[in-house]
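Here's start_21.tsv, which has TSV, C-alpha atoms (C1' of nucleotides):
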```
chain	number	residue	atom	x	y	z
A	998	MET	CA	39.91	-76.93	-80.88
A	999	ASP	CA	36.42	-77.46	-79.57
A	1000	PHE	CA	35.32	-77.48	-75.97
A	1001	LEU	CA	35.23	-81.24	-75.65
A	1002	THR	CA	38.69	-81.78	-77.08
A	1003	GLU	CA	39.97	-79.13	-74.78
A	1004	ILE	CA	38.66	-81.03	-71.81
A	1005	ILE	CA	39.35	-84.64	-72.53
A	1006	GLY	CA	42.01	-84.38	-75.21
A	1007	THR	CA	42.08	-86.37	-78.42
A	1008	ASP	CA	43.77	-89.64	-77.55
A	1009	THR	CA	40.97	-91.10	-75.45
A	1010	LYS	CA	38.63	-93.99	-75.79
A	1011	ALA	CA	35.62	-91.72	-75.80
A	1012	ILE	CA	32.56	-93.15	-77.53
A	1013	HIS	CA	30.15	-91.12	-79.64
A	1014	LYS	CA	26.63	-92.46	-79.42
A	1015	LYS	CA	23.16	-91.43	-80.54
A	1016	PHE	CA	20.11	-91.83	-78.34
A	1017	LYS	CA	16.44	-91.46	-79.01
A	1018	LYS	CA	14.11	-89.41	-76.83
A	1019	LYS	CA	13.42	-90.89	-73.38
A	1020	GLU	CA	16.24	-93.39	-73.53
A	1021	ILE	CA	18.04	-94.19	-70.31
A	1022	ILE	CA	21.75	-93.48	-70.57
A	1023	GLN	CA	22.68	-94.53	-67.08
A	1024	LYS	CA	20.70	-96.34	-64.41
A	1025	GLN	CA	20.98	-95.40	-60.78
A	1026	GLY	CA	22.64	-97.84	-58.41
A	1027	VAL	CA	25.48	-98.93	-60.66
A	1028	VAL	CA	29.11	-98.00	-60.09
A	1029	SER	CA	30.04	-95.96	-63.10
A	1030	LYS	CA	33.20	-94.35	-64.37
A	1031	ASN	CA	31.33	-92.64	-67.15
A	1032	ALA	CA	30.73	-88.98	-67.79
A	1033	PHE	CA	28.44	-87.71	-70.53
A	1034	TYR	CA	29.15	-84.78	-72.77
A	1035	VAL	CA	26.09	-83.51	-74.60
A	1036	LYS	CA	27.08	-82.81	-78.18
A	1037	LYS	CA	23.53	-82.33	-79.35
A	1038	GLY	CA	20.14	-82.66	-77.69
A	1039	LEU	CA	19.03	-82.46	-74.09
A	1040	ILE	CA	19.34	-84.81	-71.15
A	1041	ARG	CA	18.49	-84.80	-67.47
A	1042	SER	CA	19.81	-86.45	-64.33
A	1043	TYR	CA	17.42	-87.32	-61.54
A	1044	SER	CA	17.05	-89.40	-58.43
A	1045	ILE	CA	14.09	-91.49	-57.40
A	1046	ASP	CA	13.11	-91.39	-53.72
A	1047	GLU	CA	11.66	-94.18	-51.57
A	1048	LYS	CA	8.16	-93.16	-52.55
A	1049	GLY	CA	9.08	-93.61	-56.21
A	1050	LYS	CA	9.01	-89.90	-56.92
A	1051	GLU	CA	11.48	-88.40	-59.39
A	1052	HIS	CA	13.53	-85.34	-58.51
A	1053	ILE	CA	15.43	-83.70	-61.34
A	1054	PHE	CA	18.91	-82.77	-60.25
A	1055	MET	CA	20.04	-81.05	-63.40
A	1056	PHE	CA	19.47	-80.56	-67.09
A	1057	GLY	CA	22.23	-80.85	-69.66
A	1058	ALA	CA	21.92	-79.15	-73.02
A	1059	GLU	CA	24.58	-78.75	-75.70
A	1060	ASP	CA	28.14	-78.47	-74.33
A	1061	TRP	CA	27.25	-79.60	-70.85
A	1062	ILE	CA	28.85	-82.47	-69.00
A	1063	ILE	CA	26.65	-84.60	-66.82
A	1064	ALA	CA	28.10	-87.12	-64.40
A	1065	ASP	CA	27.69	-88.43	-60.89
A	1066	LEU	CA	31.17	-87.29	-59.94
A	1067	GLU	CA	31.28	-88.79	-56.50
A	1068	SER	CA	30.40	-92.17	-57.90
A	1069	ASN	CA	33.12	-91.72	-60.47
A	1070	VAL	CA	35.86	-90.76	-58.10
A	1071	PHE	CA	35.00	-92.88	-55.07
A	1072	ASN	CA	33.43	-95.95	-56.68
A	1073	LYS	CA	30.11	-95.41	-55.02
A	1074	PRO	CA	26.93	-96.61	-56.71
A	1075	THR	CA	25.36	-93.70	-58.57
A	1076	GLU	CA	22.45	-91.91	-57.00
A	1077	LEU	CA	21.45	-90.41	-60.31
A	1078	CYS	CA	19.64	-91.79	-63.29
A	1079	ILE	CA	20.49	-90.12	-66.58
A	1080	GLU	CA	18.02	-90.00	-69.45
A	1081	THR	CA	17.47	-88.15	-72.72
A	1082	ILE	CA	14.69	-85.60	-73.07
A	1083	GLU	CA	15.25	-85.11	-76.82
A	1084	ASP	CA	17.01	-87.21	-79.43
A	1085	SER	CA	20.65	-86.63	-78.50
A	1086	GLU	CA	24.23	-87.20	-79.47
A	1087	ILE	CA	26.32	-88.02	-76.44
A	1088	VAL	CA	30.04	-88.46	-76.01
A	1089	ILE	CA	30.70	-90.99	-73.30
A	1090	PHE	CA	34.10	-90.82	-71.67
A	1091	THR	CA	35.59	-92.07	-68.46
A	1092	ILE	CA	36.71	-90.02	-65.52
A	1093	ASP	CA	40.21	-91.28	-66.17
A	1094	ASP	CA	40.18	-89.33	-69.39
A	1095	PHE	CA	38.91	-86.35	-67.52
A	1096	ASN	CA	41.29	-86.30	-64.66
A	1097	TYR	CA	43.63	-89.16	-63.98
A	1098	ALA	CA	45.36	-89.97	-67.22
A	1099	GLU	CA	48.71	-88.50	-68.11
A	1100	SER	CA	47.12	-85.10	-68.10
A	1101	SER	CA	49.27	-82.04	-68.14
A	1102	LYS	CA	49.31	-79.88	-65.06
A	1103	GLU	CA	47.62	-77.21	-67.07
A	1104	LYS	CA	44.75	-79.51	-67.90
A	1105	LEU	CA	44.38	-80.64	-64.31
A	1106	GLN	CA	44.15	-77.05	-63.20
A	1107	LYS	CA	41.56	-76.32	-65.83
A	1108	ASN	CA	39.54	-79.26	-64.63
A	1109	SER	CA	39.76	-78.02	-61.07
A	1110	LYS	CA	38.26	-74.77	-62.27
A	1111	LEU	CA	35.37	-76.61	-63.84
A	1112	LEU	CA	34.82	-78.44	-60.58
A	1113	ALA	CA	34.96	-75.19	-58.61
A	1114	ARG	CA	32.37	-73.67	-60.89
A	1115	ARG	CA	30.08	-76.61	-60.39
A	1116	ILE	CA	30.52	-76.31	-56.64
A	1117	GLY	CA	29.54	-72.66	-56.94
A	1118	SER	CA	26.37	-73.43	-58.80
A	1119	LEU	CA	25.42	-76.18	-56.36
A	1120	GLN	CA	26.11	-73.84	-53.47
A	1121	ARG	CA	23.78	-71.26	-54.97
A	1122	ARG	CA	21.15	-73.91	-55.52
A	1123	VAL	CA	21.27	-75.04	-51.88
A	1124	ILE	CA	21.00	-71.49	-50.61
A	1125	GLN	CA	18.17	-70.85	-53.03
A	1126	LEU	CA	16.25	-73.92	-51.92
A	1127	MET	CA	16.58	-72.77	-48.33
A	1128	SER	CA	15.73	-69.11	-48.73
A	1129	SER	CA	13.45	-68.62	-51.73
A	1130	SER	CA	9.79	-69.37	-52.40
A	1131	ALA	CA	8.74	-71.56	-55.31
A	1132	LYS	CA	7.78	-68.46	-57.29
A	1133	GLU	CA	11.16	-66.84	-56.73
A	1134	ARG	CA	12.95	-70.05	-57.67
A	1135	TYR	CA	10.94	-70.26	-60.86
A	1136	GLN	CA	11.88	-66.73	-61.80
A	1137	ILE	CA	15.54	-67.40	-61.09
A	1138	PHE	CA	15.29	-70.53	-63.22
A	1139	LEU	CA	13.85	-68.53	-66.13
A	1140	GLU	CA	16.63	-65.97	-65.86
A	1141	THR	CA	19.38	-68.54	-65.50
A	1142	TYR	CA	18.24	-70.89	-68.25
A	1143	PRO	CA	16.19	-68.74	-70.64
A	1144	LEU	CA	16.33	-71.30	-73.45
A	1145	LEU	CA	15.27	-74.38	-71.51
A	1146	PRO	CA	11.56	-73.66	-70.86
A	1147	ASN	CA	10.82	-74.08	-74.57
A	1148	ARG	CA	12.41	-77.51	-74.65
A	1149	VAL	CA	11.51	-78.97	-71.27
A	1150	PRO	CA	8.00	-80.11	-70.29
A	1151	GLN	CA	6.40	-78.21	-67.40
A	1152	LYS	CA	6.35	-81.19	-65.10
A	1153	MET	CA	10.11	-81.53	-65.38
A	1154	ILE	CA	10.63	-77.89	-64.58
A	1155	ALA	CA	8.43	-78.41	-61.55
A	1156	SER	CA	10.50	-81.43	-60.56
A	1157	TYR	CA	13.70	-79.41	-60.91
A	1158	LEU	CA	12.25	-76.65	-58.73
A	1159	GLY	CA	11.17	-79.16	-56.11
A	1160	ILE	CA	7.43	-78.52	-56.46
A	1161	THR	CA	4.44	-80.28	-58.04
A	1162	PRO	CA	3.26	-79.57	-61.61
A	1163	GLU	CA	0.02	-78.21	-60.12
A	1164	ALA	CA	1.90	-75.66	-58.03
A	1165	LEU	CA	3.97	-74.57	-61.02
A	1166	SER	CA	0.86	-74.19	-63.14
A	1167	LYS	CA	-0.63	-71.92	-60.48
A	1168	ILE	CA	2.53	-69.79	-60.34
A	1169	ARG	CA	2.59	-69.44	-64.10
A	1170	GLY	CA	-1.06	-68.46	-64.14
A	1171	GLU	CA	-0.44	-65.67	-61.64
A	1172	SER	CA	2.38	-63.84	-63.43
B	1371	MET	CA	52.60	-85.48	-42.16
B	1372	ASP	CA	49.31	-84.04	-41.04
B	1373	PHE	CA	46.25	-83.46	-43.18
B	1374	LEU	CA	46.88	-79.77	-43.69
B	1375	THR	CA	50.49	-80.17	-44.77
B	1376	GLU	CA	49.39	-82.86	-47.14
B	1377	ILE	CA	46.98	-80.44	-48.79
B	1378	ILE	CA	48.78	-77.16	-48.96
B	1379	GLY	CA	52.37	-78.24	-48.49
B	1380	THR	CA	54.88	-76.58	-46.20
B	1381	ASP	CA	56.37	-73.73	-48.19
B	1382	THR	CA	53.30	-71.51	-48.21
B	1383	LYS	CA	52.44	-68.18	-46.73
B	1384	ALA	CA	49.66	-69.69	-44.67
B	1385	ILE	CA	48.81	-67.73	-41.52
B	1386	HIS	CA	47.86	-69.33	-38.23
B	1387	LYS	CA	45.40	-67.22	-36.32
B	1388	LYS	CA	43.27	-67.52	-33.19
B	1389	PHE	CA	39.71	-66.27	-33.03
B	1390	LYS	CA	37.31	-65.85	-30.17
B	1391	LYS	CA	33.76	-67.14	-30.26
B	1392	LYS	CA	31.43	-65.25	-32.62
B	1393	GLU	CA	34.19	-63.47	-34.47
B	1394	ILE	CA	33.68	-62.83	-38.15
B	1395	ILE	CA	36.46	-64.39	-40.22
B	1396	GLN	CA	35.20	-63.28	-43.59
B	1397	LYS	CA	32.46	-60.86	-44.55
B	1398	GLN	CA	30.18	-61.53	-47.49
B	1399	GLY	CA	30.49	-59.35	-50.55
B	1400	VAL	CA	34.27	-59.13	-50.67
B	1401	VAL	CA	36.40	-60.81	-53.31
B	1402	SER	CA	38.53	-63.25	-51.38
B	1403	LYS	CA	41.30	-65.63	-52.26
B	1404	ASN	CA	41.27	-67.10	-48.77
B	1405	ALA	CA	40.38	-70.56	-47.62
B	1406	PHE	CA	40.10	-71.49	-43.96
B	1407	TYR	CA	41.36	-74.69	-42.44
B	1408	VAL	CA	39.94	-75.37	-38.98
B	1409	LYS	CA	42.76	-76.58	-36.76
B	1410	LYS	CA	40.74	-76.34	-33.60
B	1411	GLY	CA	37.24	-75.12	-32.82
B	1412	LEU	CA	34.13	-74.76	-34.91
B	1413	ILE	CA	33.05	-72.30	-37.57
B	1414	ARG	CA	30.13	-71.81	-39.91
B	1415	SER	CA	29.50	-70.25	-43.28
B	1416	TYR	CA	26.18	-68.64	-44.03
B	1417	SER	CA	24.41	-66.28	-46.37
B	1418	ILE	CA	22.05	-63.48	-45.48
B	1419	ASP	CA	18.99	-63.05	-47.71
B	1420	GLU	CA	17.19	-59.82	-48.68
B	1421	LYS	CA	14.95	-60.13	-45.62
B	1422	GLY	CA	18.02	-60.18	-43.42
B	1423	LYS	CA	17.59	-63.84	-42.54
B	1424	GLU	CA	20.64	-66.05	-42.05
B	1425	HIS	CA	20.92	-69.42	-43.78
B	1426	ILE	CA	23.73	-71.67	-42.64
B	1427	PHE	CA	25.44	-73.28	-45.58
B	1428	MET	CA	27.86	-75.48	-43.72
B	1429	PHE	CA	29.64	-76.13	-40.46
B	1430	GLY	CA	33.36	-76.67	-40.20
B	1431	ALA	CA	34.86	-78.52	-37.27
B	1432	GLU	CA	38.43	-79.75	-36.82
B	1433	ASP	CA	40.16	-80.71	-40.08
B	1434	TRP	CA	37.57	-79.13	-42.34
B	1435	ILE	CA	38.27	-76.56	-44.99
B	1436	ILE	CA	35.74	-73.80	-45.48
B	1437	ALA	CA	35.88	-71.48	-48.46
B	1438	ASP	CA	33.68	-69.85	-51.02
B	1439	LEU	CA	35.40	-71.67	-53.85
B	1440	GLU	CA	33.68	-69.94	-56.70
B	1441	SER	CA	34.68	-66.57	-55.32
B	1442	ASN	CA	38.20	-67.87	-55.00
B	1443	VAL	CA	38.55	-69.22	-58.47
B	1444	PHE	CA	36.51	-66.70	-60.45
B	1445	ASN	CA	37.04	-63.51	-58.48
B	1446	LYS	CA	33.40	-63.11	-57.65
B	1447	PRO	CA	32.34	-61.37	-54.45
B	1448	THR	CA	31.68	-64.00	-51.79
B	1449	GLU	CA	28.11	-64.95	-51.06
B	1450	LEU	CA	29.10	-66.46	-47.76
B	1451	CYS	CA	29.94	-64.95	-44.41
B	1452	ILE	CA	32.25	-67.04	-42.26
B	1453	GLU	CA	32.18	-66.83	-38.47
B	1454	THR	CA	33.40	-68.77	-35.45
B	1455	ILE	CA	30.96	-70.65	-33.24
B	1456	GLU	CA	33.61	-71.57	-30.66
B	1457	ASP	CA	37.04	-70.14	-29.90
B	1458	SER	CA	39.03	-71.44	-32.84
B	1459	GLU	CA	42.45	-71.79	-34.36
B	1460	ILE	CA	42.29	-71.21	-38.08
B	1461	VAL	CA	44.91	-71.59	-40.76
B	1462	ILE	CA	44.28	-69.05	-43.48
B	1463	PHE	CA	45.76	-69.87	-46.86
B	1464	THR	CA	45.14	-68.74	-50.38
B	1465	ILE	CA	43.67	-70.73	-53.20
B	1466	ASP	CA	46.98	-70.38	-54.96
B	1467	ASP	CA	48.53	-72.50	-52.27
B	1468	PHE	CA	45.72	-74.96	-52.66
B	1469	ASN	CA	45.74	-75.32	-56.37
B	1470	TYR	CA	47.79	-73.07	-58.58
B	1471	ALA	CA	51.25	-72.96	-57.15
B	1472	GLU	CA	53.99	-75.23	-58.37
B	1473	SER	CA	51.95	-78.16	-57.18
B	1474	SER	CA	52.89	-81.62	-58.22
B	1475	LYS	CA	50.48	-83.44	-60.47
B	1476	GLU	CA	49.83	-85.81	-57.63
B	1477	LYS	CA	48.72	-82.98	-55.42
B	1478	LEU	CA	46.49	-81.50	-58.08
B	1479	GLN	CA	44.80	-84.85	-58.52
B	1480	LYS	CA	44.32	-85.18	-54.79
B	1481	ASN	CA	42.74	-81.75	-54.73
B	1482	SER	CA	40.42	-82.71	-57.53
B	1483	LYS	CA	39.30	-85.63	-55.42
B	1484	LEU	CA	38.52	-83.30	-52.54
B	1485	LEU	CA	36.49	-81.15	-54.89
B	1486	ALA	CA	34.64	-84.17	-56.26
B	1487	ARG	CA	33.78	-85.24	-52.74
B	1488	ARG	CA	32.42	-81.82	-51.95
B	1489	ILE	CA	30.34	-81.90	-55.11
B	1490	GLY	CA	28.97	-85.25	-53.96
B	1491	SER	CA	27.93	-83.94	-50.60
B	1492	LEU	CA	26.33	-80.86	-52.14
B	1493	GLN	CA	24.49	-83.04	-54.61
B	1494	ARG	CA	23.11	-85.14	-51.79
B	1495	ARG	CA	22.09	-82.01	-49.93
B	1496	VAL	CA	20.17	-80.63	-52.91
B	1497	ILE	CA	18.35	-83.93	-53.45
B	1498	GLN	CA	17.62	-84.10	-49.73
B	1499	LEU	CA	16.20	-80.59	-49.64
B	1500	MET	CA	13.92	-81.47	-52.53
B	1501	SER	CA	12.72	-84.86	-51.39
B	1502	SER	CA	12.78	-85.09	-47.60
B	1503	SER	CA	10.65	-83.58	-44.86
B	1504	ALA	CA	12.20	-81.45	-42.13
B	1505	LYS	CA	12.03	-84.39	-39.74
B	1506	GLU	CA	13.83	-86.69	-42.15
B	1507	ARG	CA	16.48	-84.06	-42.82
B	1508	TYR	CA	17.05	-83.65	-39.10
B	1509	GLN	CA	17.52	-87.38	-38.67
B	1510	ILE	CA	19.95	-87.51	-41.58
B	1511	PHE	CA	21.82	-84.59	-40.03
B	1512	LEU	CA	22.11	-86.44	-36.71
B	1513	GLU	CA	23.42	-89.54	-38.44
B	1514	THR	CA	25.83	-87.65	-40.67
B	1515	TYR	CA	27.25	-85.33	-38.01
B	1516	PRO	CA	26.73	-87.15	-34.70
B	1517	LEU	CA	29.16	-84.93	-32.83
B	1518	LEU	CA	27.88	-81.54	-33.92
B	1519	PRO	CA	24.56	-81.34	-32.05
B	1520	ASN	CA	26.41	-81.06	-28.73
B	1521	ARG	CA	28.43	-78.12	-29.96
B	1522	VAL	CA	25.98	-76.22	-32.13
B	1523	PRO	CA	23.01	-74.23	-30.78
B	1524	GLN	CA	19.57	-75.48	-31.86
B	1525	LYS	CA	18.74	-72.39	-33.83
B	1526	MET	CA	21.81	-72.91	-36.00
B	1527	ILE	CA	20.87	-76.51	-36.67
B	1528	ALA	CA	17.45	-75.24	-37.68
B	1529	SER	CA	19.05	-72.70	-39.97
B	1530	TYR	CA	21.20	-75.42	-41.56
B	1531	LEU	CA	18.13	-77.58	-42.12
B	1532	GLY	CA	16.25	-74.69	-43.66
B	1533	ILE	CA	13.54	-74.49	-41.00
B	1534	THR	CA	12.70	-72.23	-38.04
B	1535	PRO	CA	13.90	-72.93	-34.48
B	1536	GLU	CA	10.24	-73.39	-33.49
B	1537	ALA	CA	9.75	-76.13	-36.07
B	1538	LEU	CA	12.93	-77.91	-34.95
B	1539	SER	CA	11.86	-77.73	-31.33
B	1540	LYS	CA	8.58	-79.38	-32.26
B	1541	ILE	CA	10.36	-82.14	-34.19
B	1542	ARG	CA	12.68	-82.80	-31.26
B	1543	GLY	CA	9.75	-82.93	-28.88
B	1544	GLU	CA	8.03	-85.57	-30.97
B	1545	SER	CA	10.82	-88.14	-31.21
C	1073	DT	C1'	26.29	-62.32	-7.21
C	1074	DG	C1'	22.39	-60.28	-9.75
C	1075	DC	C1'	20.58	-58.32	-13.93
C	1076	DA	C1'	20.22	-58.39	-18.99
C	1077	DT	C1'	20.30	-60.74	-23.08
C	1078	DT	C1'	19.92	-64.50	-25.76
C	1079	DT	C1'	18.10	-69.17	-26.51
C	1080	DC	C1'	14.65	-72.80	-26.22
C	1081	DT	C1'	10.06	-74.30	-25.86
C	1082	DT	C1'	4.99	-74.34	-26.17
C	1083	DA	C1'	0.81	-72.93	-28.18
C	1084	DA	C1'	-2.47	-70.44	-31.51
C	1085	DT	C1'	-2.99	-69.02	-35.95
C	1086	DC	C1'	-1.87	-68.63	-40.86
C	1087	DT	C1'	-0.22	-69.87	-45.52
C	1088	DA	C1'	2.51	-71.96	-49.34
C	1089	DG	C1'	2.40	-75.72	-51.47
C	1090	DA	C1'	0.80	-80.89	-51.40
C	1091	DT	C1'	-2.83	-83.92	-52.51
C	1092	DT	C1'	-6.84	-85.38	-54.82
C	1093	DA	C1'	-9.84	-85.17	-58.48
C	1094	DA	C1'	-11.82	-83.82	-62.75
C	1095	DT	C1'	-11.39	-81.67	-67.51
C	1096	DG	C1'	-9.69	-80.50	-72.02
C	1097	DG	C1'	-5.84	-80.79	-75.14
C	1098	DA	C1'	-1.81	-82.97	-77.60
C	1099	DG	C1'	1.02	-86.76	-79.22
C	1100	DA	C1'	1.61	-91.33	-79.93
C	1101	DT	C1'	0.01	-95.84	-81.90
C	1102	DG	C1'	-2.77	-99.18	-83.99
D	871	DC	C1'	-8.64	-91.97	-88.64
D	872	DA	C1'	-10.02	-93.24	-83.99
D	873	DT	C1'	-8.42	-94.47	-79.68
D	874	DC	C1'	-5.16	-94.18	-75.86
D	875	DT	C1'	-2.12	-92.45	-72.94
D	876	DC	C1'	0.22	-88.67	-71.25
D	877	DC	C1'	0.25	-83.64	-70.06
D	878	DA	C1'	-1.33	-79.12	-68.43
D	879	DT	C1'	-4.67	-76.75	-66.01
D	880	DT	C1'	-8.23	-75.54	-62.48
D	881	DA	C1'	-10.43	-76.09	-58.22
D	882	DA	C1'	-11.35	-78.03	-53.38
D	883	DT	C1'	-9.27	-79.65	-49.52
D	884	DC	C1'	-5.44	-80.70	-46.41
D	885	DT	C1'	-1.01	-80.27	-43.99
D	886	DA	C1'	3.91	-79.15	-42.90
D	887	DG	C1'	6.02	-75.67	-41.45
D	888	DA	C1'	5.95	-70.26	-40.94
D	889	DT	C1'	4.65	-66.61	-38.03
D	890	DT	C1'	3.47	-64.47	-33.82
D	891	DA	C1'	3.54	-64.27	-29.04
D	892	DA	C1'	4.82	-65.28	-24.48
D	893	DG	C1'	7.03	-67.76	-20.77
D	894	DA	C1'	11.12	-70.59	-19.07
D	895	DA	C1'	15.87	-71.69	-19.17
D	896	DA	C1'	20.40	-70.70	-20.08
D	897	DT	C1'	24.27	-67.59	-20.76
D	898	DG	C1'	26.95	-63.50	-20.59
D	899	DC	C1'	28.42	-59.56	-18.29
D	900	DA	C1'	29.00	-55.81	-14.52
```
Just give me the structure as structure tokens.
Amino acid sequence: MDFLTEIIGTDTKAIHKKFKKKEIIQKQGVVSKNAFYVKKGLIRSYSIDEKGKEHIFMFGAEDWIIADLESNVFNKPTELCIETIEDSEIVIFTIDDFNYAESSKEKLQKNSKLLARRIGSLQRRVIQLMSSSAKERYQIFLETYPLLPNRVPQKMIASYLGITPEALSKIRGES
Amino acid sequence: MDFLTEIIGTDTKAIHKKFKKKEIIQKQGVVSKNAFYVKKGLIRSYSIDEKGKEHIFMFGAEDWIIADLESNVFNKPTELCIETIEDSEIVIFTIDDFNYAESSKEKLQKNSKLLARRIGSLQRRVIQLMSSSAKERYQIFLETYPLLPNRVPQKMIASYLGITPEALSKIRGES
DNA sequence: TGCATTTCTTAATCTAGATTAATGGAGATG
DNA sequence: CATCTCCATTAATCTAGATTAAGAAATGCA
């Protein structure tokens, strides 16, 4: 049984869909019950601030699930826009599949673990943003996601780190 | 039925305990299965970086639950130190009570919702840290937690915002 | 109550990273 | 193939917020 089946089971209405590079999978501002499992390819979620600037919240490569969970669970409009970086195969399923169907207790507990892990990684990211310099954050990024830098353009890495492409270029030049 | 009972049920080994101001409830670096429900008072969780600087991760006033969830679920040493700001009454319970006991499916789903909400607030915090100035973050903090500023010393608010007390003092002077 | 310690504020300097601008590639598109 | 647009880099300036320092206010403690 693969990872996806393990999570959402088999008897769901999940949709498999192919996207080209730079296609928007989900716009921000809509109320969405969708979650996106990356079967193949690479996607990103990002928010756009009042000044029109993009801030990448996270990347999703193979086997990752990307979703604006709060929007899902509490019917809030999404704050995140989701878009492909490479040609990708995405499995779109609803949060009901993930959590509120006739899931077994075992599955619910497994899902809770996934949520706890995500909370952990967000917690580390917040602490990192508060306590580390751009250079340190870049190095942590390289260690944490060693395969991404080859697939993601510099300017998106900069956006993920919360700095400008110029600043990242400088940092890279130094080391 | 109060909020706590609703979450952890009644038949648990939860411990009620009183703490004085500035007492450490949990040290960082230990593997802990504990979560802390604030019945009365005010606590904070924070990490200490290599330079010995404290960074407040979150505050917990009445009815909040504070825990290093990833440590709980995955047996990692905690990254967070938890300490009282005021004299407090804390209910200490284990993550097993929260999630892995003979919980009903209903309860597990409710817990998932709590986790999703926490993910949402962390997500907003990350985006905020990347896209807003210190002044904007302070204003958002005031709007989001209107009651805290009266109870929390300035330097801790600064630490939560990721700036120095001097910078916060300047911001406050301006507006 | 009085002294000591911590907290808050103000001001002077310093610096990481933003902004602006200009250049040379690299892909896309006709 | 030539042109166009986007991307990465470098350099010059600018600025938010850090650091340092010192005084004032608040708080704790004997």
### Task
Just the residues within 12 Å of DT1101 (chain C), please, counting all atoms listed in the file, with nothing from its chain fewer than 5 positions along; format it as a list of chain:residue names.
D:DC871, D:DA872, D:DT873, D:DC874, D:DT875
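Among the candidates A:Asp1065, A:Glu1163, A:Glu1103, A:Glu1086, the residue lying nearest to Ser1029 (chain A) is A:Asp1065 (atoms considered: all atoms listed in the file).
The space between CA of Met1055 (chain A) and CA of Ser1042 (chain A) spans 5.5 Å.
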Could you tell me which residues of chain A sit within 8 Å of chain C when counting only C-alpha atoms (C1' of nucleotides), and give me the result as a short mmCIF file (atom, residue, chain, number, x, y, z; two decimals) with C-alpha atoms, in the coordinates of the input?
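Okay, result_3.cif is ready:
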```
data_model
loop_
_atom_site.label_atom_id
_atom_site.label_comp_id
_atom_site.auth_asym_id
_atom_site.auth_seq_id
_atom_site.Cartn_x
_atom_site.Cartn_y
_atom_site.Cartn_z
CA ILE A 1160 7.43 -78.52 -56.46
CA THR A 1161 4.44 -80.28 -58.04
CA ALA A 1164 1.90 -75.66 -58.03
#
```
### Query
In Å, with one decimal, what is the gap from CA of Lys1104 (chain A) to CA of Ile1004 (chain A)?
7.4 Å
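Reported to one decimal place, the separation of CA of Leu1158 (chain A) from C1' of DA886 (chain D) is 18.1 Å.
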### Query
What residues in chain A have any atom no more than 9 Å from chain D when counting all atoms listed in the file, and can you write them as a VMD selection string?
chain A and resid 1150 to 1152 1162 to 1163 1166 to 1167
### Message
Can you tell me which residues surround Ser1501 (chain B) at a distance of at most 8 Å, considering only C-alpha atoms (C1' of nucleotides), apart from same-chain residues fewer than 2 positions away, and format the answer as a VMD selection string?
### Response
(chain A and resid 1046 1052 1159) or (chain B and resid 1497 to 1499 1503)
Give me the residues of chain B that have any atom at most 6 Å from an atom of chain A; for each, the nearest atom pair and the distance in Å, rounded to one decimal. Use all atoms listed in the file, sort by chain and number, and format it as JSON lines.
```
{"residue": "B:Leu1439", "atom": "CA", "partner": "A:Ala1113", "partner_atom": "CA", "distance": 5.9}
{"residue": "B:Glu1440", "atom": "CA", "partner": "A:Gly1117", "partner_atom": "CA", "distance": 5.0}
{"residue": "B:Lys1475", "atom": "CA", "partner": "A:Lys1102", "partner_atom": "CA", "distance": 5.9}
{"residue": "B:Ser1482", "atom": "CA", "partner": "A:Ser1109", "partner_atom": "CA", "distance": 5.9}
{"residue": "B:Ala1486", "atom": "CA", "partner": "A:Glu1067", "partner_atom": "CA", "distance": 5.7}
{"residue": "B:Arg1487", "atom": "CA", "partner": "A:Glu1067", "partner_atom": "CA", "distance": 5.7}
{"residue": "B:Ile1489", "atom": "CA", "partner": "A:Ile1116", "partner_atom": "CA", "distance": 5.8}
{"residue": "B:Gly1490", "atom": "CA", "partner": "A:Glu1067", "partner_atom": "CA", "distance": 4.9}
{"residue": "B:Val1496", "atom": "CA", "partner": "A:Val1123", "partner_atom": "CA", "distance": 5.8}
{"residue": "B:Met1500", "atom": "CA", "partner": "A:Gly1159", "partner_atom": "CA", "distance": 5.1}
{"residue": "B:Gly1532", "atom": "CA", "partner": "A:Met1127", "partner_atom": "CA", "distance": 5.1}
```
Expected file contents, prior selection, C-alpha atoms, as an mmCIF file, keeping the file's coordinate frame:
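Listed below is the output, selection21.cif:
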```
data_model
loop_
_atom_site.group_PDB
_atom_site.id
_atom_site.type_symbol
_atom_site.label_atom_id
_atom_site.label_comp_id
_atom_site.auth_asym_id
_atom_site.auth_seq_id
_atom_site.Cartn_x
_atom_site.Cartn_y
_atom_site.Cartn_z
ATOM 1 C CA LEU B 1439 35.400 -71.670 -53.850
ATOM 2 C CA GLU B 1440 33.680 -69.940 -56.700
ATOM 3 C CA LYS B 1475 50.480 -83.440 -60.470
ATOM 4 C CA SER B 1482 40.420 -82.710 -57.530
ATOM 5 C CA ALA B 1486 34.640 -84.170 -56.260
ATOM 6 C CA ARG B 1487 33.780 -85.240 -52.740
ATOM 7 C CA ILE B 1489 30.340 -81.900 -55.110
ATOM 8 C CA GLY B 1490 28.970 -85.250 -53.960
ATOM 9 C CA VAL B 1496 20.170 -80.630 -52.910
ATOM 10 C CA MET B 1500 13.920 -81.470 -52.530
ATOM 11 C CA GLY B 1532 16.250 -74.690 -43.660
#
```
### Query
Contacts of Val1400 (chain B) at 6 Å or less, counting all atoms listed in the file, minus same-chain residues fewer than 2 places along, as a ChimeraX atom specification?
/B:1398,1402,1447-1448
### Query
Which neighbours of Leu1144 (chain A) fall inside 12 Å, counting only C-alpha atoms (C1' of nucleotides), when residues of the same chain fewer than 6 positions from it are skipped, and could you give them as a ChimeraX atom specification?
/A:1039,1056-1059,1138
